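Visitor: First the structure, then my questions, so here it is.
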Amino acid sequence: MCVKMDVNLKLKNYLVPPGNGVFTVNTAKERKDILHQQIFGTAIPGKVSKCFTDSLADESNFTKPMILGICSDCGGGILRGANWGPLFIRKELYEAETGAEDFFDLGDIRVIPHLLHDKYLNSQTLKSCRSALFGDEDSQLCVSPLSISYDLISSIYEQRPAAKLLFFGGDHSVSFPVTKAYLESKKRSGIKTAIIHFDAHTDLLDQRLGIDYCFGSWAYHILEDLPDPSHLIQVGIRSSGKEKSHWESKFGVVQYWAQEIKNVGAGAIAESITTSLKSKGVEEIYISFDIDAIDSEYASKTGTPEDQGLEPHQAHQIIDKLCESFPLTGADIVEVAPFIEASQKSSLSKDMTIEIAGELARKFLEKLK
Ligand SMILES: [Mn+2]
C-alpha cells in the first residue's frame with residue numbers, strides 16, 4: 001500500500017543528492033565532493049542541495065531515463081558494503097565525457113542503515129525514525145529503505161506509467177520493492193513483461209533465518225506479481241544447493257546456468273530466451289543484474305563472489321540480443337561492494353568490478369531511451 005501524498009512531496013522528503021544516500025558526516029566526504037563537482041560543478045553543500053532541488057522541480061527531466069540510488073545493504077548477509085555501490089557506479093558513469101545530459105539523476109533515497117523494511121519495526125521505533133528523517137513523529141511516510149523505495153517508485157509510476165528507471169543497489173533485496181512497483185504498474189497498463197535476472201544465485205528462498213525480505217529471497221516474493229512464474233528468466237546460475245530441475249519444477253521459473261552458456265554460447269542462449277518470450281507475448285523486459293553473475297576473476301568486489309561465471313562480453317551479448325527484440329523499460333545493478341578487497345584468485349592486475357558495473361549502467365541507459 002502506498003502512502004497517500006503528492007509525488008512531489010515524496011520526492012522532496014525521500015531523496016537526497018546523488019552520493020549522499022550513505023549517511024556519513026566526514027567519512028568519504030572527498031569522494032562525495034568529487035561526484036558533486038562532476039554532476040553540479042560545485043561541492044558546496046548548500047549549492048549542491050539547491051541544484052538538486054531545482055532539478056527535481058523541472059518536469060522535463062522526468063521524461064528522460066532516470067537513475068536512482070538505493071544505498072542499503074541491510075538485506076545482505078555475507079560480506080557487506082554494497083551500500084557504496086551507487087556512489088562508485090555513478091563516478092564511472094559521470095567520468096564519461098558525454099551522455100550525462102541524456103539521463104536524469106534522481107539522487108539517492110534516504111537510508112537508515114540499520115533498517116530494512118517498516119513491517120519489522122514497532123510503533124515507537126517508527127515514531128523516532130520519522131522524527132529523525134522528517135522532523136515529525138506523526139508523519140505517515142516510510143522510514144526503511146525497502147519501504148521507502150516501494151512507496152516512492154510506485155508513486156512515480158502512478159504519475160508516469162512510462163517512466164524508465166535504472167536503479168543502483170544496494171544488496172539484492174532492493175530489487176524486491178523496485179520490481180514489485182514496476183510489475184504492478186505494467187499490469188495496470190495491460191503490458192506483458194518479463195524479468196531477466198542475471199545472478200550466480202537463484203534468490204528463490206521464501207525466507208532466510210525467519211526474515212522474508214532479503215538478498216536471497218527477493219525473486220521468490222515477486223513471482224506472484226509476474227504474468228506467470230515462467231516470466232522470470234534466471235541467467236548465470238551456478239552456486240546452488242539444488243539442481244536446476246528443482247527450481248524450475250518447484251517454482252515454474254526458467255533458468256540458464258553459467259555452464260550451459262559456456263557450452264552453447266551466449267548467442268544461442270539469447271536466441272532461446274527471445275523465442276520463448278515471444279511465444280508468451282512478452283512486450284517489455286526488465287533486467288536485474290547482480291554483479292556476481294560475472295566471474296569472480298573480473299568482478300570480485302561483491303558480497304558473494306563466485307568463480308565459473310559469465311565473461312563480461314557474454315552478458316553484453318545476451319543483453320544486446322534481447323534488447324533487439326524487446327524494449328528495456330527498467331533495470332537495476334546490485335551487489336557492487338567497492339571496499340571489498342579484490343579476490344586473491346583474480347589473476348587480473350586490477351579488479352574490474354566497478355568498470356564492469358559502469359559499462360552496464362551506460363548500456364542500460366542507452367537501451368532505456
Ligand atoms: Mn542476487
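If you're wondering about the labels, chains in the C-alpha cells are A, B, ... by order shown, residues count from 1 in each chain, ligands from 1 in order shown.
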Using only C-alpha atoms and all ligand atoms, determine which residues fall within 8 Å of ligand 1, then list them as a ChimeraX atom specification.

Guide: /A:171-173,198-203,215-216,289-290,292,334-335

Visitor: May I have the selected residues written with N, CA, C and O atoms, as a PDB file, in the first residue's frame?

Guide:
ATOM      1  N   ASP A 171      22.278  -4.130  -1.741  1.00  0.00           N
ATOM      2  CA  ASP A 171      22.240  -5.578  -1.892  1.00  0.00           C
ATOM      3  C   ASP A 171      20.977  -5.931  -2.684  1.00  0.00           C
ATOM      4  O   ASP A 171      20.141  -5.065  -2.954  1.00  0.00           O
ATOM      5  N   HIS A 172      20.855  -7.218  -3.043  1.00  0.00           N
ATOM      6  CA  HIS A 172      19.795  -7.576  -3.988  1.00  0.00           C
ATOM      7  C   HIS A 172      18.383  -7.462  -3.419  1.00  0.00           C
ATOM      8  O   HIS A 172      17.406  -7.498  -4.167  1.00  0.00           O
ATOM      9  N   SER A 173      18.259  -7.296  -2.098  1.00  0.00           N
ATOM     10  CA  SER A 173      16.905  -7.129  -1.544  1.00  0.00           C
ATOM     11  C   SER A 173      16.216  -5.896  -2.124  1.00  0.00           C
ATOM     12  O   SER A 173      14.996  -5.834  -2.183  1.00  0.00           O
ATOM     13  N   PHE A 198      20.099 -11.706 -13.957  1.00  0.00           N
ATOM     14  CA  PHE A 198      21.478 -12.205 -14.023  1.00  0.00           C
ATOM     15  C   PHE A 198      21.994 -12.390 -12.602  1.00  0.00           C
ATOM     16  O   PHE A 198      21.959 -11.456 -11.795  1.00  0.00           O
ATOM     17  N   ASP A 199      22.523 -13.590 -12.298  1.00  0.00           N
ATOM     18  CA  ASP A 199      22.941 -13.852 -10.920  1.00  0.00           C
ATOM     19  C   ASP A 199      23.668 -15.197 -10.856  1.00  0.00           C
ATOM     20  O   ASP A 199      23.398 -16.089 -11.660  1.00  0.00           O
ATOM     21  N   ALA A 200      24.573 -15.335  -9.889  1.00  0.00           N
ATOM     22  CA  ALA A 200      25.165 -16.655  -9.630  1.00  0.00           C
ATOM     23  C   ALA A 200      24.207 -17.504  -8.798  1.00  0.00           C
ATOM     24  O   ALA A 200      24.323 -18.726  -8.749  1.00  0.00           O
ATOM     25  N   HIS A 201      23.263 -16.823  -8.128  1.00  0.00           N
ATOM     26  CA  HIS A 201      22.362 -17.493  -7.179  1.00  0.00           C
ATOM     27  C   HIS A 201      20.917 -17.333  -7.634  1.00  0.00           C
ATOM     28  O   HIS A 201      20.588 -16.384  -8.347  1.00  0.00           O
ATOM     29  N   THR A 202      20.052 -18.228  -7.154  1.00  0.00           N
ATOM     30  CA  THR A 202      18.659 -18.166  -7.621  1.00  0.00           C
ATOM     31  C   THR A 202      17.831 -17.117  -6.873  1.00  0.00           C
ATOM     32  O   THR A 202      16.828 -16.650  -7.395  1.00  0.00           O
ATOM     33  N   ASP A 203      18.228 -16.774  -5.651  1.00  0.00           N
ATOM     34  CA  ASP A 203      17.478 -15.810  -4.827  1.00  0.00           C
ATOM     35  C   ASP A 203      16.019 -16.212  -4.646  1.00  0.00           C
ATOM     36  O   ASP A 203      15.138 -15.355  -4.541  1.00  0.00           O
ATOM     37  N   PHE A 215      18.388 -10.478   0.481  1.00  0.00           N
ATOM     38  CA  PHE A 215      19.056 -10.658  -0.821  1.00  0.00           C
ATOM     39  C   PHE A 215      18.831 -12.045  -1.434  1.00  0.00           C
ATOM     40  O   PHE A 215      18.946 -12.193  -2.639  1.00  0.00           O
ATOM     41  N   GLY A 216      18.505 -13.026  -0.600  1.00  0.00           N
ATOM     42  CA  GLY A 216      18.323 -14.380  -1.118  1.00  0.00           C
ATOM     43  C   GLY A 216      16.879 -14.746  -1.379  1.00  0.00           C
ATOM     44  O   GLY A 216      16.583 -15.891  -1.740  1.00  0.00           O
ATOM     45  N   PHE A 289      20.415  -7.052 -12.565  1.00  0.00           N
ATOM     46  CA  PHE A 289      21.774  -7.563 -12.758  1.00  0.00           C
ATOM     47  C   PHE A 289      22.552  -7.590 -11.445  1.00  0.00           C
ATOM     48  O   PHE A 289      22.990  -6.555 -10.937  1.00  0.00           O
ATOM     49  N   ASP A 290      22.706  -8.791 -10.887  1.00  0.00           N
ATOM     50  CA  ASP A 290      23.584  -8.973  -9.729  1.00  0.00           C
ATOM     51  C   ASP A 290      24.999  -9.141 -10.287  1.00  0.00           C
ATOM     52  O   ASP A 290      25.245 -10.046 -11.100  1.00  0.00           O
ATOM     53  N   ASP A 292      27.493 -10.445  -9.280  1.00  0.00           N
ATOM     54  CA  ASP A 292      28.151 -11.747  -9.109  1.00  0.00           C
ATOM     55  C   ASP A 292      27.779 -12.760 -10.195  1.00  0.00           C
ATOM     56  O   ASP A 292      28.297 -13.890 -10.211  1.00  0.00           O
ATOM     57  N   VAL A 334      23.053  -4.422  -8.927  1.00  0.00           N
ATOM     58  CA  VAL A 334      23.134  -4.568  -7.465  1.00  0.00           C
ATOM     59  C   VAL A 334      24.378  -5.349  -7.043  1.00  0.00           C
ATOM     60  O   VAL A 334      25.042  -5.979  -7.868  1.00  0.00           O
ATOM     61  N   GLU A 335      24.636  -5.286  -5.734  1.00  0.00           N
ATOM     62  CA  GLU A 335      25.701  -6.077  -5.095  1.00  0.00           C
ATOM     63  C   GLU A 335      27.116  -5.640  -5.472  1.00  0.00           C
ATOM     64  O   GLU A 335      28.061  -6.419  -5.334  1.00  0.00           O
TER      65      GLU A 335
END

Visitor: Within stretch 179-244 of chain A, find each residue whose DSSP state, derived from the backbone, is strand (DSSP E or B), and express the selection as a list in words.

Guide: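 Answer for stretch 179-244 of chain A restricted to strand (DSSP E or B) is Thr193, Ala194, Ile195, Ile196, His197, Phe198, Arg208, Ile211, Leu232, Ile233, Gln234, Val235, Gly236 and Ile237 of chain A.
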
Visitor: Which is closest to A:Cys323 among A:Lys301, A:Ile196, A:Lys29, A:Thr63, if we use only C-alpha atoms?

Guide: A:Ile196

Visitor: Using only C-alpha atoms, find each residue in stretch 186-262 of chain A having at least one atom no more than 12 Å away from stretch 116-121 of chain A; report its shortest atom-to-atom pair and that distance in Å (one decimal), rows by chain then rising number, as a tab-separated table.

Guide:
residue	atom	partner	partner_atom	distance
A:Gly210	CA	A:Tyr120	CA	11.4
A:Ile211	CA	A:Tyr120	CA	9.1
A:Asp212	CA	A:His117	CA	10.2
A:Tyr213	CA	A:His117	CA	7.9
A:Cys214	CA	A:Leu116	CA	8.5
A:Phe215	CA	A:Leu116	CA	11.0

Visitor: What is the distance, in Å and to one decimal place, between atom CA of A:Gly19 and atom CA of A:Ala181?

Guide: 23.4 Å

Visitor: What's the 9 Å shell around A:Tyr14, counting only C-alpha atoms, without same-chain residues fewer than 5 positions away, as a PyMOL selection string?

Guide: chain A and resi 9+108-111+133-134+141-143+148-149+152

Visitor: Keeping only N, CA and C atoms, write the selected residues as an mmCIF file, in the first residue's frame.

Guide:
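This is the output file result05.cif:
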data_model
loop_
_atom_site.group_PDB
_atom_site.id
_atom_site.type_symbol
_atom_site.label_atom_id
_atom_site.label_comp_id
_atom_site.auth_asym_id
_atom_site.auth_seq_id
_atom_site.Cartn_x
_atom_site.Cartn_y
_atom_site.Cartn_z
ATOM 1 N N LEU A 9 5.944 15.843 -3.043
ATOM 2 C CA LEU A 9 6.308 15.874 -1.618
ATOM 3 C C LEU A 9 7.133 14.653 -1.230
ATOM 4 N N ASP A 108 19.706 9.742 -4.435
ATOM 5 C CA ASP A 108 19.589 8.522 -3.628
ATOM 6 C C ASP A 108 18.392 8.638 -2.693
ATOM 7 N N ILE A 109 17.793 7.508 -2.361
ATOM 8 C CA ILE A 109 16.781 7.556 -1.300
ATOM 9 C C ILE A 109 17.504 7.685 0.039
ATOM 10 N N ARG A 110 16.817 8.232 1.010
ATOM 11 C CA ARG A 110 17.411 8.349 2.348
ATOM 12 C C ARG A 110 17.438 6.967 2.999
ATOM 13 N N VAL A 111 18.561 6.642 3.597
ATOM 14 C CA VAL A 111 18.720 5.299 4.160
ATOM 15 C C VAL A 111 19.154 5.375 5.624
ATOM 16 N N LEU A 133 14.137 11.500 10.410
ATOM 17 C CA LEU A 133 14.203 11.760 8.960
ATOM 18 C C LEU A 133 13.394 12.980 8.537
ATOM 19 N N PHE A 134 12.200 13.130 9.101
ATOM 20 C CA PHE A 134 11.280 14.141 8.575
ATOM 21 C C PHE A 134 10.932 15.221 9.591
ATOM 22 N N LEU A 141 4.941 8.915 6.440
ATOM 23 C CA LEU A 141 5.938 8.431 5.478
ATOM 24 C C LEU A 141 6.688 7.197 6.006
ATOM 25 N N CYS A 142 7.263 6.445 5.075
ATOM 26 C CA CYS A 142 8.029 5.245 5.428
ATOM 27 C C CYS A 142 9.438 5.645 5.890
ATOM 28 N N VAL A 143 10.101 4.759 6.592
ATOM 29 C CA VAL A 143 11.440 5.078 7.099
ATOM 30 C C VAL A 143 12.513 4.053 6.695
ATOM 31 N N ILE A 148 10.552 2.702 1.711
ATOM 32 C CA ILE A 148 10.645 3.995 1.010
ATOM 33 C C ILE A 148 10.715 3.753 -0.496
ATOM 34 N N SER A 149 11.552 2.791 -0.902
ATOM 35 C CA SER A 149 11.718 2.535 -2.344
ATOM 36 C C SER A 149 10.375 2.182 -2.978
ATOM 37 N N LEU A 152 7.939 5.325 -2.974
ATOM 38 C CA LEU A 152 8.339 6.386 -3.908
ATOM 39 C C LEU A 152 8.189 5.939 -5.365
#
